[in-house]
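Novice: mmCIF, C-alpha atoms, saved as start-v9.cif, coming up:
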```
data_input
loop_
_atom_site.label_atom_id
_atom_site.label_comp_id
_atom_site.auth_asym_id
_atom_site.auth_seq_id
_atom_site.Cartn_x
_atom_site.Cartn_y
_atom_site.Cartn_z
CA MET A 1 -20.48 -16.25 3.92
CA PRO A 2 -18.85 -17.47 0.66
CA PRO A 3 -15.30 -18.85 0.92
CA GLY A 4 -12.66 -16.13 0.57
CA SER A 5 -15.06 -13.33 1.52
CA PRO A 6 -13.75 -10.84 4.08
CA ALA A 7 -15.35 -10.62 7.49
CA PRO A 8 -17.95 -7.85 7.84
CA PRO A 9 -16.67 -4.55 9.29
CA PRO A 10 -17.25 -3.84 12.97
CA PRO A 11 -19.94 -1.26 13.85
CA ALA A 12 -18.79 2.36 13.83
CA ARG A 13 -19.93 2.87 17.45
CA ASP A 14 -16.97 3.30 19.84
CA ARG A 15 -14.60 3.27 16.89
CA VAL A 16 -12.80 5.90 14.82
CA ASP A 17 -12.29 5.99 11.06
CA LEU A 18 -8.82 7.22 10.06
CA ARG A 19 -8.24 8.38 6.47
CA PHE A 20 -4.93 8.17 4.60
CA ASP A 21 -4.80 9.92 1.24
CA GLY A 22 -1.92 9.25 -1.15
CA TRP A 23 -0.35 6.62 -3.39
CA ILE A 24 0.48 2.92 -3.08
CA THR A 25 3.09 1.59 -5.50
CA GLY A 26 3.79 -2.12 -5.92
CA VAL A 27 7.19 -3.05 -7.37
CA GLY A 28 8.39 -6.55 -8.23
CA THR A 29 12.05 -7.27 -9.03
CA ALA A 30 13.87 -10.01 -10.89
CA SER A 31 15.54 -11.11 -7.63
CA GLY A 32 12.14 -12.05 -6.21
CA THR A 33 12.07 -9.24 -3.65
CA ARG A 34 8.83 -7.25 -3.77
CA LEU A 35 8.37 -3.72 -2.44
CA VAL A 36 5.30 -1.65 -1.62
CA LEU A 37 5.71 2.09 -1.19
CA GLY A 38 3.07 4.06 0.69
CA HIS A 39 3.32 7.83 0.12
CA TRP A 40 0.82 9.76 2.26
CA PRO A 41 0.72 13.57 1.95
CA ARG A 42 -2.39 13.59 4.18
CA SER A 43 -2.88 11.29 7.15
CA PRO A 44 -3.67 11.38 10.90
CA PHE A 45 0.13 11.32 11.43
CA GLY A 46 0.88 14.14 9.01
CA ALA A 47 2.74 13.60 5.76
CA PHE A 48 4.93 10.50 5.65
CA SER A 49 6.14 7.63 3.45
CA ASP A 50 6.84 4.00 4.31
CA VAL A 51 8.12 0.91 2.52
CA MET A 52 7.05 -2.69 3.03
CA LEU A 53 9.51 -5.24 1.63
CA GLU A 54 9.26 -9.01 1.28
CA ARG A 55 12.28 -11.12 0.34
CA PRO A 56 12.05 -14.32 -1.74
CA ASP A 57 12.35 -16.38 1.47
CA GLY A 58 9.24 -14.66 2.86
CA HIS A 59 10.95 -12.36 5.36
CA ARG A 60 8.84 -9.19 5.68
CA THR A 61 10.35 -5.84 6.67
CA LEU A 62 8.77 -2.47 7.39
CA LEU A 63 10.71 0.76 6.90
CA ALA A 64 8.92 3.62 8.68
CA PRO A 65 10.08 7.17 9.46
CA THR A 66 9.01 7.46 13.12
CA GLY A 67 8.27 5.17 16.03
CA ARG A 68 4.61 6.23 16.13
CA VAL A 69 4.09 5.52 12.43
CA ALA A 70 5.93 2.20 12.76
CA GLU A 71 3.79 1.20 15.74
CA PHE A 72 0.56 1.97 13.91
CA ILE A 73 1.51 0.19 10.68
CA ALA A 74 2.96 -2.83 12.50
CA GLY A 75 -0.27 -3.00 14.51
CA THR A 76 -2.29 -3.15 11.30
CA TYR A 77 -0.12 -5.43 9.14
CA ALA A 78 2.26 -8.34 9.81
CA PHE A 79 6.08 -8.06 9.68
CA ASP A 80 9.07 -10.09 10.77
CA GLU A 81 11.22 -6.99 11.19
CA VAL A 82 10.51 -3.28 11.76
CA ARG A 83 13.09 -0.57 11.14
CA VAL A 84 12.59 3.07 12.07
CA VAL A 85 14.57 4.96 9.42
CA PRO A 86 14.06 8.04 7.24
CA VAL A 87 12.02 7.37 4.10
CA GLU A 88 12.43 10.19 1.60
CA VAL A 89 10.43 10.45 -1.62
CA ARG A 90 11.18 12.82 -4.48
CA THR A 91 9.30 13.20 -7.75
CA ALA A 92 10.37 14.72 -11.06
CA GLY A 93 7.52 14.38 -13.51
CA ASP A 94 6.74 10.67 -13.82
CA ARG A 95 10.00 9.59 -12.16
CA TRP A 96 9.95 8.77 -8.44
CA THR A 97 13.03 8.33 -6.25
CA VAL A 98 12.87 6.71 -2.81
CA ALA A 99 15.78 6.66 -0.36
CA SER A 100 15.98 5.19 3.13
CA GLY A 101 19.41 6.00 4.51
CA ALA A 102 21.96 3.38 3.45
CA LEU A 103 19.27 0.66 3.34
CA LEU A 104 17.21 1.31 0.25
CA ASP A 105 17.54 3.07 -3.09
CA LEU A 106 14.49 2.76 -5.32
CA CYS A 107 13.69 4.56 -8.57
CA PHE A 108 10.70 3.94 -10.82
CA THR A 109 8.89 5.54 -13.71
CA VAL A 110 5.12 5.77 -13.89
CA GLY A 111 3.53 5.29 -17.31
CA ARG A 112 0.32 6.56 -18.80
CA ARG A 113 -3.00 5.58 -17.31
CA GLY A 114 -5.15 3.10 -19.18
CA ALA A 115 -8.91 2.87 -19.47
CA LEU A 116 -9.39 1.65 -15.88
CA GLY A 117 -7.21 4.42 -14.49
CA THR A 118 -9.13 7.02 -16.49
CA LEU A 119 -12.45 5.67 -15.22
CA LEU A 120 -11.26 5.65 -11.61
CA ARG A 121 -9.95 9.20 -11.92
CA LEU A 122 -13.22 10.50 -13.32
CA ALA A 123 -15.22 8.75 -10.60
CA ALA A 124 -12.80 9.56 -7.73
CA PRO A 125 -15.39 11.32 -5.53
CA VAL A 126 -17.35 8.05 -5.47
CA THR A 127 -14.57 5.44 -5.62
CA SER A 128 -12.75 6.90 -2.62
CA ARG A 129 -15.66 6.06 -0.29
CA PRO A 130 -15.63 2.93 1.91
CA ALA A 131 -19.07 1.91 0.65
CA PHE A 132 -17.80 1.77 -2.92
CA ALA A 133 -14.72 -0.22 -1.86
CA ALA A 134 -17.00 -2.75 -0.19
CA LEU A 135 -19.19 -2.96 -3.30
CA THR A 136 -16.28 -3.50 -5.71
CA ASP A 137 -14.28 -5.96 -3.59
CA PRO A 138 -15.54 -9.08 -5.46
CA VAL A 139 -14.73 -7.46 -8.83
CA ALA A 140 -11.24 -6.38 -7.74
CA ARG A 141 -10.55 -9.87 -6.42
CA LEU A 142 -11.68 -11.47 -9.68
CA LEU A 143 -9.96 -9.10 -12.13
CA MET A 144 -6.78 -8.12 -10.26
CA GLY A 145 -6.42 -10.60 -7.40
CA VAL A 146 -6.68 -7.95 -4.69
CA HIS A 147 -9.11 -7.12 -1.90
CA THR A 148 -10.43 -3.59 -1.41
CA ARG A 149 -11.74 -4.25 2.11
CA GLY A 150 -10.97 -6.61 4.95
CA SER A 151 -10.06 -7.10 8.59
CA ALA A 152 -6.61 -6.13 9.84
CA GLY A 153 -4.63 -6.48 13.06
CA ASN A 154 -5.79 -5.46 16.54
CA GLY A 155 -9.48 -5.34 15.70
CA ARG A 156 -9.01 -2.92 12.81
CA TYR A 157 -10.81 -2.93 9.49
CA GLU A 158 -9.76 -1.33 6.19
CA TRP A 159 -11.20 -0.05 2.94
CA TYR A 160 -9.05 0.82 -0.09
CA GLY A 161 -10.74 3.43 -2.29
CA ALA A 162 -8.85 3.52 -5.61
CA ARG A 163 -8.89 6.90 -7.39
CA ASP A 164 -6.41 6.31 -10.21
CA LEU A 165 -4.24 3.51 -11.63
CA ARG A 166 -1.07 3.71 -13.72
CA ARG A 167 1.39 0.99 -14.71
CA LEU A 168 5.10 1.24 -13.98
CA THR A 169 7.34 1.20 -17.04
CA ALA A 170 10.76 0.82 -15.37
CA ALA A 171 12.34 0.44 -11.94
CA THR A 172 15.72 -0.07 -10.28
CA ALA A 173 16.21 -1.03 -6.64
CA ALA A 174 19.01 -1.85 -4.23
CA TYR A 175 18.55 -3.01 -0.64
CA GLU A 176 21.42 -3.15 1.85
CA GLY A 177 23.79 -2.50 -1.04
CA ARG A 178 22.52 -5.43 -3.15
CA ASP A 179 21.03 -4.83 -6.58
CA LEU A 180 17.55 -6.38 -6.74
CA GLY A 181 17.40 -6.56 -10.51
CA PRO A 182 15.05 -5.01 -13.07
CA LEU A 183 11.31 -4.57 -12.86
CA ALA A 184 9.25 -7.80 -12.70
CA PRO A 185 5.72 -8.87 -11.72
CA VAL A 186 4.77 -8.68 -8.05
CA ASP A 187 4.77 -12.45 -7.74
CA PRO A 188 4.12 -14.24 -5.45
CA PRO A 189 1.72 -11.82 -3.78
CA VAL A 190 3.05 -9.97 -0.74
CA ARG A 191 1.77 -11.13 2.66
CA PHE A 192 1.60 -8.06 4.85
CA GLY A 193 -2.15 -8.12 5.40
CA PHE A 194 -5.47 -9.27 3.98
CA GLY A 195 -4.75 -7.65 0.60
CA SER A 196 -1.87 -7.44 -1.81
CA THR A 197 -0.99 -5.24 -4.76
CA PRO A 198 -1.86 -6.16 -8.34
CA ARG A 199 0.51 -8.61 -10.03
CA MET A 200 1.45 -6.01 -12.60
CA PRO A 201 3.76 -3.35 -11.14
CA CYS A 202 1.62 -0.25 -10.79
CA GLN A 203 0.81 2.85 -8.79
CA VAL A 204 -2.65 3.40 -7.32
CA ARG A 205 -3.94 6.76 -6.14
CA VAL A 206 -5.93 5.78 -3.09
CA THR A 207 -7.87 6.88 -0.06
CA THR A 208 -7.44 4.26 2.65
CA THR A 209 -9.86 4.24 5.57
CA VAL A 210 -8.85 2.33 8.70
CA ARG A 211 -11.48 1.76 11.40
CA VAL A 212 -9.77 1.43 14.79
CA PRO A 213 -11.13 0.83 18.30
CA GLY A 214 -11.08 3.80 20.64
CA PRO A 215 -9.91 7.41 20.11
CA ALA A 216 -7.86 8.63 17.14
CA PRO A 217 -4.07 8.75 17.60
CA MET A 218 -2.52 12.12 18.45
CA ARG A 219 -0.24 13.65 15.81
#
```
Just dump the structure as structure tokens.
Specialist:
Amino acid sequence: MPPGSPAPPPPARDRVDLRFDGWITGVGTASGTRLVLGHWPRSPFGAFSDVMLERPDGHRTLLAPTGRVAEFIAGTYAFDEVRVVPVEVRTAGDRWTVASGALLDLCFTVGRRGALGTLLRLAAPVTSRPAFAALTDPVARLLMGVHTRGSAGNGRYEWYGARDLRRLTAATAAYEGRDLGPLAPVDPPVRFGFGSTPRMPCQVRVTTTVRVPGPAPMR
């Protein structure tokens, strides 16, 4: 296997594939803190949103709305701290607002899609499939520095099926009452799991498939 290639997925026998359909938004800030919002209208846990945050010193925090969601995400990715708090997302056109109690206030604006986003949107029925994510992983790694498949925690395996891509044009964020500064590249890459988000702040419409051992979780 070539260096840097992900391990092959485990066989589907005795395992369950869980599908999460929604958006992943990667936000960098001038302070060096990077944030990744997951907004999932459809998932095995119902509709929910979560935020993964990495400080400049490398401390990684998960904000999740319920204990069950927090347990699943923390069992798939790596964090130094997990907080179970409300994560509310509101949209008004291209403007998104994210609030997590007194911890986090995040606002960002999504710009127009470029050529790649248009192509992904047109081909969404194909690009959302795990087989396509596996096929395009080397290209995504070369062009954008991200993986679209790979092994995760507790014997799990993931595929990211991108269905759309749009850049962010502006963002403001405050965490624990501290202003994180204006929008900046997501640099260095976040270290929650095998993949990251693109260096350019952007929002990806995605179908994520997670293969887990044993039965599917109860909602």
Novice: List the residues selected by the PyMOL selection byres ((chain A and resi 204) around 9) in the file shown, writing them as a list of chain:residue names.
Specialist: A:Gly22, A:Trp23, A:Ile24, A:Thr25, A:Gly26, A:Gly117, A:Ala162, A:Arg163, A:Asp164, A:Leu165, A:Arg166, A:Arg167, A:Cys202, A:Gln203, A:Arg205, A:Val206
Novice: Just to be explicit: take each residue in the selection above, keep C-alpha atoms, and write the result as a PDB file, keeping the file's coordinate frame.
Specialist:
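So selection-v2.pdb came out as:
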```
ATOM      1  CA  GLY A  22      -1.920   9.250  -1.150  1.00  0.00           C
ATOM      2  CA  TRP A  23      -0.350   6.620  -3.390  1.00  0.00           C
ATOM      3  CA  ILE A  24       0.480   2.920  -3.080  1.00  0.00           C
ATOM      4  CA  THR A  25       3.090   1.590  -5.500  1.00  0.00           C
ATOM      5  CA  GLY A  26       3.790  -2.120  -5.920  1.00  0.00           C
ATOM      6  CA  GLY A 117      -7.210   4.420 -14.490  1.00  0.00           C
ATOM      7  CA  ALA A 162      -8.850   3.520  -5.610  1.00  0.00           C
ATOM      8  CA  ARG A 163      -8.890   6.900  -7.390  1.00  0.00           C
ATOM      9  CA  ASP A 164      -6.410   6.310 -10.210  1.00  0.00           C
ATOM     10  CA  LEU A 165      -4.240   3.510 -11.630  1.00  0.00           C
ATOM     11  CA  ARG A 166      -1.070   3.710 -13.720  1.00  0.00           C
ATOM     12  CA  ARG A 167       1.390   0.990 -14.710  1.00  0.00           C
ATOM     13  CA  CYS A 202       1.620  -0.250 -10.790  1.00  0.00           C
ATOM     14  CA  GLN A 203       0.810   2.850  -8.790  1.00  0.00           C
ATOM     15  CA  ARG A 205      -3.940   6.760  -6.140  1.00  0.00           C
ATOM     16  CA  VAL A 206      -5.930   5.780  -3.090  1.00  0.00           C
TER      17      VAL A 206
END
```
Novice: From the options A:Gly32, A:Gly195, A:Pro65, A:Gly161, which residue's atoms come nearest to Leu53 in chain A, counting all atoms listed in the file?
Specialist: A:Gly32
Novice: Please indicate the distance in Å from CA of Pro130 in chain A to CA of Glu71 in chain A, rounded to one decimal place.
Specialist: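 Interatomic distance here is 23.9 Å.
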Novice: Taking into account all atoms listed in the file, which residue in the set A:Ala102, A:Val36, A:Val210, A:Val69 is nearest to Arg149 in chain A?
Specialist: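 Under the stated criterion, the closest residue is A:Val210.
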Novice: Kindly give the distance, in Å, that separates CA of Asp179 in chain A and CA of Cys107 in chain A, rounded to a single decimal.
Specialist: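 Separating CA of Asp179 in chain A from CA of Cys107 in chain A is a distance of 12.1 Å.
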Novice: Applied to this file, what does the PyMOL selection byres ((chain A and resi 83) around 7) return in terms of residues, put as a list in words?
Specialist: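 The output of the PyMOL selection byres ((chain A and resi 83) around 7) on this file is Leu62, Leu63, Ala64, Glu81, Val82, Val84 and Val85 of chain A.
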Novice: Using only C-alpha atoms, determine which residues lie at most 7 Å from range 42-44 of chain A, disregarding the query and same-chain residues fewer than 4 positions distant; provide the list as an NGL selection string.
Specialist: :A and (18-22 or 219)
Novice: Mind pulling up the distance from CA of Thr207 in chain A to CA of Leu120 in chain A?
Specialist: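 Computed distance, CA of Leu120 in chain A to CA of Thr207 in chain A, equals 12.1 Å.
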